[in-house]
2 protein chains.
Amino acid sequence: MSTIDEVLQANEKYAQKHASRHLSPRPTRRLAVVTCMDTRLTKATLGLDDGDAHIIRNAGGIVTEDALRSLLVSHYLLGTEEFMVINHTDCGLMRSTEEELRSMIERHAGTASVSPERFYAFKKPEENVRKQLEKLKSHPWVKKEIIVRGFVYDVDSGRLKEVLT
Amino acid sequence: MSTIDEVLQANEKYAQKHASRHLSPRPTRRLAVVTCMDTRLTKATLGLDDGDAHIIRNAGGIVTEDALRSLLVSHYLLGTEEFMVINHTDCGLMRSTEEELRSMIERHAGTASVSPERFYAFKKPEENVRKQLEKLKSHPWVKKEIIVRGFVYDVDSGRLKEVLT
């Protein structure tokens with residue numbers, strides 16, 4: 001049985017206990033979080049519940065064009081007023097350089113013509129978070145009244161540490 | 001107190017009970033999920049636990065260039081072998097057309113020169129999932145041996161429904 005089939009079985013059990021209340025797509029706590037796709041990050045880490053916040057995730061927790069699109073929809077269409085950027089220790093993207101990652105994938109996958117422009121490899125999570133905060137804070141559509149803060153999550157201690165700019 | 005400050009307090013409580021085992025960045029169940037940033041989607045819905053799977057999230061659950069970058073890192077660097085795309089009912093992006101969304105944001109935010117190329121508004125989740133599956137399955141770097149399946153999550157019933165291509 002594939003993992004997806006197991007997920008479907010688990011979802012069937014979940015659905016039988018699913019609360020029937022209808023939650024709005026507007027996050028009640030007006031928060032949007034940009035973080036990594038990593039397996040060790042969860043809403044529980046942040047004390048967040050269903051209905052509370054938008055969670056945007058990609059490899060690294062990078063403020064890409066797509067993360068920006070999502071944040072704009074989150075703020076302008078669905079009313080969030082605080083943005084939180086979280087990178088974490090022991091990230092897969094810290095294990096190699098941009099060039100090593102690109103050539104490894106190209107070696108296994110073939111043609112280079114479809115390669116993403118960047119993989120966003122990085123070495124130091126604090127420095128990387130700082131870059132993401134700069135991208136956000138300098139974007140003309142991220143208004144000054146939006147609270148923007150950045151953090152590194154320590155996967156071993158379970159603790160968030162704020163990155164000051 | 002801002003929501004982010006409340007999150008930090010919740011995280012401090014969480015960290016005190018955080019299991020000290022060190023999980024690998026490689027998902028043990030070799031699964032990557034692309035889904036929406038919506039507040040109502042959680043790992044619990046899918047029966048997934050810490051360490052199990054990569055979760056990639058953006059507005060809509062769209063296979064954007066950034067989601068593709070993340071999936072490539074997930075497969076080639078971190079060993080996932082199944083990709084799951086999940087859109088959901090009552091998505092914020094179903095509430096307006098591409099043009100309405102763009103002009104609403106431009107009206108509130110000002111200059112159009114920084115607008116994302118697309119916001120990916122859509123009307124029918126099933127049709128939208130089908131598009132994302134086509135993008136994935138036709139990508140030369142998504143190899144044939146990777147299992148790719150798509151679903152619509154019903155936010156009221158809590159149930160996943162498979163989209164057949």
# chains A, B, ... in the order shown; residues from 1 in each chain; ligands from 1
call {"tool": "interface_residues", "arguments": {"of": "chain A", "to": "chain B", "cutoff": "6 Å", "atoms": "only C-alpha atoms", "output": "PyMOL selection string"}}
result
chain A and resi 7+10-11+15+18+37-40+45-47+50-51+53-59+70+109+141+158-159
call {"tool": "select_by_dssp", "arguments": {"residues": "chain A", "states": "helix (DSSP H, G or I)", "output": "ChimeraX atom specification"}}
result
/A:3-17,44-46,65-77,92-94,98-109,125-137
call {"tool": "select_by_dssp", "arguments": {"residues": "range 11-159 of chain A", "states": "strand (DSSP E or B)", "output": "PyMOL selection string"}}
result
chain A and resi 31-36+53-58+82-88+147-154+159
call {"tool": "write_last_selection", "arguments": {"atoms": "N, CA and C atoms", "output": "compact mmCIF listing (two decimals), in the first residue's frame"}}
result
# COMPACT_ATOMS: atom_id res chain seq x y z
N LEU A 31 -3.00 36.23 11.29
CA LEU A 31 -1.57 35.94 11.17
C LEU A 31 -1.30 35.11 9.92
N ALA A 32 -0.19 35.43 9.22
CA ALA A 32 0.30 34.59 8.13
C ALA A 32 1.75 34.21 8.44
N VAL A 33 2.06 32.93 8.30
CA VAL A 33 3.40 32.41 8.61
C VAL A 33 4.03 31.88 7.32
N VAL A 34 5.27 32.31 7.04
CA VAL A 34 6.05 31.72 5.93
C VAL A 34 7.11 30.83 6.56
N THR A 35 7.08 29.54 6.23
CA THR A 35 8.07 28.66 6.82
C THR A 35 8.46 27.54 5.86
N CYS A 36 9.31 26.63 6.35
CA CYS A 36 9.87 25.58 5.50
C CYS A 36 8.90 24.40 5.40
N ALA A 53 -4.66 30.88 11.39
CA ALA A 53 -3.60 31.55 10.62
C ALA A 53 -3.38 30.89 9.27
N HIS A 54 -2.87 31.65 8.33
CA HIS A 54 -2.39 31.09 7.06
C HIS A 54 -0.99 30.53 7.25
N ILE A 55 -0.73 29.39 6.66
CA ILE A 55 0.61 28.81 6.70
C ILE A 55 1.10 28.61 5.28
N ILE A 56 2.17 29.31 4.94
CA ILE A 56 2.77 29.25 3.60
C ILE A 56 4.10 28.50 3.75
N ARG A 57 4.32 27.47 2.96
CA ARG A 57 5.53 26.66 3.15
C ARG A 57 6.19 26.31 1.83
N ASN A 58 7.51 26.42 1.80
CA ASN A 58 8.27 25.97 0.63
C ASN A 58 9.64 25.49 1.12
N GLU A 82 -0.34 40.41 10.48
CA GLU A 82 1.01 40.10 10.98
C GLU A 82 1.62 39.01 10.11
N PHE A 83 2.89 39.20 9.73
CA PHE A 83 3.61 38.19 8.94
C PHE A 83 4.80 37.69 9.76
N MET A 84 4.95 36.37 9.81
CA MET A 84 6.01 35.75 10.58
C MET A 84 6.82 34.88 9.62
N VAL A 85 8.15 35.07 9.57
CA VAL A 85 9.01 34.24 8.73
C VAL A 85 9.82 33.32 9.64
N ILE A 86 9.75 32.01 9.40
CA ILE A 86 10.48 31.05 10.24
C ILE A 86 11.36 30.13 9.39
N ASN A 87 12.67 30.18 9.58
CA ASN A 87 13.59 29.17 9.05
C ASN A 87 13.95 28.26 10.22
N HIS A 88 14.72 27.19 9.96
CA HIS A 88 15.01 26.29 11.08
C HIS A 88 16.41 25.71 10.96
N ILE A 147 2.80 44.04 10.75
CA ILE A 147 3.90 43.61 11.62
C ILE A 147 4.65 42.48 10.93
N VAL A 148 5.98 42.64 10.74
CA VAL A 148 6.80 41.63 10.07
C VAL A 148 7.94 41.24 11.00
N ARG A 149 7.99 39.97 11.42
CA ARG A 149 9.07 39.52 12.31
C ARG A 149 9.62 38.16 11.88
N GLY A 150 10.88 37.92 12.19
CA GLY A 150 11.53 36.70 11.72
C GLY A 150 12.13 35.87 12.84
N PHE A 151 12.19 34.54 12.63
CA PHE A 151 12.62 33.62 13.69
C PHE A 151 13.39 32.44 13.10
N VAL A 152 14.27 31.86 13.95
CA VAL A 152 14.86 30.57 13.64
C VAL A 152 14.29 29.56 14.63
N TYR A 153 13.79 28.44 14.11
CA TYR A 153 13.25 27.37 14.95
C TYR A 153 14.35 26.33 15.15
N ASP A 154 14.65 26.03 16.40
CA ASP A 154 15.65 25.02 16.72
C ASP A 154 14.95 23.67 16.78
N ARG A 159 12.41 25.36 20.18
CA ARG A 159 12.25 26.76 20.56
C ARG A 159 12.46 27.72 19.38
